[in-house]
Amino acid sequence: MRIRIGILALQGAFAEHSQVLGRLGAEAVTVRLPGELTGLDGLIIPGGESTTMSRLMGEYGLLQPLRELAENGRPMLGTCAGMILMAKSVLDFGLPTLGLMDITVRRNAFGSQVDSFEADLEVPALGHPSFRAVFIRAPVIQQASAAVEILARLPDGKPVAARQGKLLAVAFHPELKSDLRMHRYFLDIVASR
Ligand code: GLN
């Protein structure tokens with residue numbers, strides 16, 4: 001049976017995730033309404049603008065159904081704004097998140113002067129070589145509980161990728177490069193369920 005992954009398509013960089021999943025042989029379905037969560041094996045929350053996405057999740061009645069999807073054991077991958085929305089705590093963010101991972105996240109952590117950059121990350125979970133990561137107005141993980149495994153750090157030590165059980169959050173955009181290992185890692189979590 002083909003793995004079926006939903007991609008939250010309220011706003012942001014969702015189309016690129018579909019292409020990557022297709023290349024890995026998974027079925028990708030876009031999700032905008034709660035009813036579209038039925039029958040999914042996992043979900044990706046893409047990058048974009050977390051404030052807009054949080055508001056739209058509220059308007060479309062998605063906050064509780066998405067929380068339940070994770071509580072029912074469906075793996076999730078959040079990239080950039082997706083990571084912000086999966087965090088239990090976001091600094092200076094007056095809007096609801098899904099509150100799924102025991103992390104505190106700082107938005108736009110690299111300031112306005114460095115809007116975007118790329119970095120080669122050592123990600124032991126993905127093996128060698130290092131992973132070329134694209135950061136766009138990216139957040140960082142400010143704090144994480146002992147239940148959270150930090151998967152990657154910037155050279156200065158800032159955590160930028162984390163896993164807690166079947167939940168995966170990365171501050172960068174793995175869908176923008178041809179290296180498919182982060183998505184494959186996610187699909188392996190889905191397949192092992
Ligand atoms: N800066 C955005 C936010 O705070 C995230 C940027 C991104 O997803 N590339 O939501």
# chains A, B, ... in the order shown; residues from 1 in each chain; ligands from 1

call {"tool": "residues_near_ligand", "arguments": {"ligand": "ligand 1", "cutoff": "12 Å", "atoms": "only C-alpha atoms and all ligand atoms", "output": "ChimeraX atom specification"}}
result
/A:11-14,45-55,78-86,90-93,95,97,105-112,114-117,133-140,169-176

call {"tool": "residues_around", "arguments": {"residues": "Val31 of chain A", "least_positions_apart": "5", "cutoff": "8 Å", "atoms": "only C-alpha atoms", "output": "VMD selection string"}}
result
chain A and resid 6 to 10 36 to 37

call {"tool": "residues_around", "arguments": {"residues": "Gln164 of chain A", "least_positions_apart": "2", "cutoff": "9 Å", "atoms": "only C-alpha atoms", "output": "PyMOL selection string"}}
result
chain A and resi 101-102+147-150+162+166-169

call {"tool": "select_by_dssp", "arguments": {"residues": "segment 8-84 of chain A", "states": "strand (DSSP E or B)", "output": "VMD selection string"}}
result
chain A and resid 8 27 to 31 42 to 45 76 to 79

call {"tool": "write_last_selection", "arguments": {"atoms": "N, CA and C atoms", "output": "PDB file, in the first residue's frame"}}
result
ATOM      1  N   LEU A   8      -0.498  20.388   4.471  1.00  0.00           N
ATOM      2  CA  LEU A   8      -1.359  21.509   4.818  1.00  0.00           C
ATOM      3  C   LEU A   8      -1.140  22.622   3.789  1.00  0.00           C
ATOM      4  N   GLU A  27       2.102   9.105  -1.915  1.00  0.00           N
ATOM      5  CA  GLU A  27       0.997   9.890  -2.451  1.00  0.00           C
ATOM      6  C   GLU A  27       0.851  11.152  -1.611  1.00  0.00           C
ATOM      7  N   ALA A  28       0.771  12.311  -2.260  1.00  0.00           N
ATOM      8  CA  ALA A  28       0.631  13.578  -1.536  1.00  0.00           C
ATOM      9  C   ALA A  28      -0.746  14.164  -1.804  1.00  0.00           C
ATOM     10  N   VAL A  29      -1.452  14.524  -0.750  1.00  0.00           N
ATOM     11  CA  VAL A  29      -2.754  15.164  -0.920  1.00  0.00           C
ATOM     12  C   VAL A  29      -2.764  16.494  -0.181  1.00  0.00           C
ATOM     13  N   THR A  30      -3.272  17.530  -0.830  1.00  0.00           N
ATOM     14  CA  THR A  30      -3.334  18.833  -0.159  1.00  0.00           C
ATOM     15  C   THR A  30      -4.537  18.858   0.788  1.00  0.00           C
ATOM     16  N   VAL A  31      -4.331  19.530   1.920  1.00  0.00           N
ATOM     17  CA  VAL A  31      -5.352  19.582   2.963  1.00  0.00           C
ATOM     18  C   VAL A  31      -5.681  21.036   3.273  1.00  0.00           C
ATOM     19  N   GLY A  42       0.209  10.448   7.486  1.00  0.00           N
ATOM     20  CA  GLY A  42       1.075  11.454   8.085  1.00  0.00           C
ATOM     21  C   GLY A  42       0.760  12.807   7.478  1.00  0.00           C
ATOM     22  N   LEU A  43       1.384  13.854   8.032  1.00  0.00           N
ATOM     23  CA  LEU A  43       1.078  15.216   7.566  1.00  0.00           C
ATOM     24  C   LEU A  43       2.334  16.076   7.560  1.00  0.00           C
ATOM     25  N   ILE A  44       2.424  16.948   6.562  1.00  0.00           N
ATOM     26  CA  ILE A  44       3.495  17.942   6.514  1.00  0.00           C
ATOM     27  C   ILE A  44       2.876  19.333   6.675  1.00  0.00           C
ATOM     28  N   ILE A  45       3.473  20.123   7.572  1.00  0.00           N
ATOM     29  CA  ILE A  45       3.082  21.534   7.700  1.00  0.00           C
ATOM     30  C   ILE A  45       4.219  22.345   7.101  1.00  0.00           C
ATOM     31  N   MET A  76       4.153  13.733  11.951  1.00  0.00           N
ATOM     32  CA  MET A  76       4.079  15.056  11.323  1.00  0.00           C
ATOM     33  C   MET A  76       5.473  15.613  11.125  1.00  0.00           C
ATOM     34  N   LEU A  77       5.629  16.314  10.020  1.00  0.00           N
ATOM     35  CA  LEU A  77       6.863  17.046   9.732  1.00  0.00           C
ATOM     36  C   LEU A  77       6.499  18.515   9.570  1.00  0.00           C
ATOM     37  N   GLY A  78       7.103  19.368  10.368  1.00  0.00           N
ATOM     38  CA  GLY A  78       6.887  20.807  10.234  1.00  0.00           C
ATOM     39  C   GLY A  78       8.171  21.460   9.779  1.00  0.00           C
ATOM     40  N   THR A  79       8.083  22.266   8.704  1.00  0.00           N
ATOM     41  CA  THR A  79       9.279  22.943   8.213  1.00  0.00           C
ATOM     42  C   THR A  79       9.094  24.452   8.396  1.00  0.00           C
TER      43      THR A  79
END

call {"tool": "select_by_dssp", "arguments": {"residues": "chain A", "states": "alpha helix (DSSP H)", "output": "NGL selection string"}}
result
:A and (15-23 or 50-59 or 63-71 or 81-86 or 181-191)

call {"tool": "decode", "arguments": {"residues": "segment 89-104 of chain A", "atoms": "all heavy atoms", "output": "compact mmCIF listing (two decimals), in the first residue's frame"}}
result
# COMPACT_ATOMS: atom_id res chain seq x y z
N SER A 89 5.54 26.33 22.74
CA SER A 89 5.75 27.71 23.15
C SER A 89 6.53 28.47 22.07
O SER A 89 7.53 27.98 21.55
CB SER A 89 6.51 27.69 24.49
OG SER A 89 7.11 28.92 24.71
N VAL A 90 6.02 29.64 21.71
CA VAL A 90 6.68 30.50 20.73
C VAL A 90 6.81 31.88 21.35
O VAL A 90 5.81 32.46 21.80
CB VAL A 90 5.85 30.59 19.42
CG1 VAL A 90 6.58 31.45 18.39
CG2 VAL A 90 5.58 29.20 18.85
N LEU A 91 8.02 32.41 21.37
CA LEU A 91 8.25 33.71 22.01
C LEU A 91 7.53 34.81 21.23
O LEU A 91 7.57 34.84 19.99
CB LEU A 91 9.76 33.99 22.07
CG LEU A 91 10.57 32.95 22.85
CD1 LEU A 91 12.07 33.21 22.71
CD2 LEU A 91 10.16 32.92 24.32
N ASP A 92 6.91 35.71 21.95
CA ASP A 92 6.24 36.88 21.36
C ASP A 92 5.28 36.51 20.23
O ASP A 92 5.31 37.11 19.15
CB ASP A 92 7.28 37.88 20.81
CG ASP A 92 8.27 38.27 21.89
OD1 ASP A 92 7.85 38.48 23.03
OD2 ASP A 92 9.47 38.35 21.57
N PHE A 93 4.44 35.53 20.49
CA PHE A 93 3.50 35.06 19.46
C PHE A 93 2.15 34.98 20.15
O PHE A 93 1.93 34.12 20.98
CB PHE A 93 3.95 33.69 18.95
CG PHE A 93 3.25 33.19 17.72
CD1 PHE A 93 3.41 33.83 16.49
CD2 PHE A 93 2.46 32.05 17.77
CE1 PHE A 93 2.80 33.33 15.35
CE2 PHE A 93 1.84 31.55 16.62
CZ PHE A 93 2.01 32.19 15.41
N GLY A 94 1.27 35.88 19.81
CA GLY A 94 0.00 35.93 20.53
C GLY A 94 -1.09 35.05 19.95
O GLY A 94 -2.26 35.22 20.26
N LEU A 95 -0.71 34.11 19.09
CA LEU A 95 -1.72 33.31 18.39
C LEU A 95 -1.60 31.84 18.81
O LEU A 95 -0.56 31.41 19.29
CB LEU A 95 -1.50 33.43 16.88
CG LEU A 95 -1.80 34.82 16.30
CD1 LEU A 95 -1.16 34.98 14.93
CD2 LEU A 95 -3.30 35.03 16.21
N PRO A 96 -2.65 31.06 18.59
CA PRO A 96 -2.56 29.64 18.96
C PRO A 96 -1.61 28.86 18.06
O PRO A 96 -1.49 29.16 16.86
CB PRO A 96 -4.00 29.13 18.81
CG PRO A 96 -4.72 30.13 18.01
CD PRO A 96 -4.00 31.43 18.12
N THR A 97 -0.93 27.89 18.67
CA THR A 97 -0.19 26.90 17.88
C THR A 97 -0.84 25.55 18.15
O THR A 97 -1.74 25.45 18.98
CB THR A 97 1.30 26.83 18.29
OG1 THR A 97 1.39 26.26 19.61
CG2 THR A 97 1.96 28.20 18.27
N LEU A 98 -0.33 24.51 17.51
CA LEU A 98 -0.87 23.17 17.76
C LEU A 98 -0.37 22.64 19.10
O LEU A 98 -0.98 21.76 19.69
CB LEU A 98 -0.48 22.22 16.63
CG LEU A 98 -1.04 22.61 15.26
CD1 LEU A 98 -0.46 21.70 14.18
CD2 LEU A 98 -2.56 22.53 15.26
N GLY A 99 0.77 23.17 19.58
CA GLY A 99 1.28 22.78 20.89
C GLY A 99 1.65 21.32 21.01
O GLY A 99 1.36 20.68 22.01
N LEU A 100 2.30 20.78 20.00
CA LEU A 100 2.56 19.34 19.97
C LEU A 100 3.94 18.96 20.51
O LEU A 100 4.12 17.88 21.04
CB LEU A 100 2.44 18.82 18.54
CG LEU A 100 1.08 19.03 17.86
CD1 LEU A 100 1.15 18.60 16.40
CD2 LEU A 100 -0.01 18.26 18.59
N MET A 101 4.92 19.82 20.34
CA MET A 101 6.29 19.46 20.73
C MET A 101 6.77 20.33 21.89
O MET A 101 6.47 21.52 21.95
CB MET A 101 7.25 19.60 19.53
CG MET A 101 6.97 18.58 18.44
SD MET A 101 8.08 18.75 17.02
CE MET A 101 9.64 18.16 17.68
N ASP A 102 7.53 19.70 22.79
CA ASP A 102 8.03 20.39 23.99
C ASP A 102 9.23 21.27 23.64
O ASP A 102 10.34 21.05 24.16
CB ASP A 102 8.44 19.37 25.05
CG ASP A 102 7.26 18.54 25.52
OD1 ASP A 102 6.15 19.08 25.58
OD2 ASP A 102 7.46 17.34 25.81
N ILE A 103 9.00 22.22 22.76
CA ILE A 103 10.08 23.14 22.38
C ILE A 103 9.58 24.58 22.49
O ILE A 103 8.40 24.85 22.32
CB ILE A 103 10.61 22.88 20.94
CG1 ILE A 103 9.45 22.89 19.91
CG2 ILE A 103 11.36 21.56 20.87
CD1 ILE A 103 9.92 22.73 18.46
N THR A 104 10.53 25.46 22.81
CA THR A 104 10.27 26.89 22.75
C THR A 104 11.01 27.42 21.53
O THR A 104 12.21 27.15 21.37
CB THR A 104 10.77 27.60 24.01
OG1 THR A 104 10.08 27.05 25.13
CG2 THR A 104 10.53 29.09 23.94
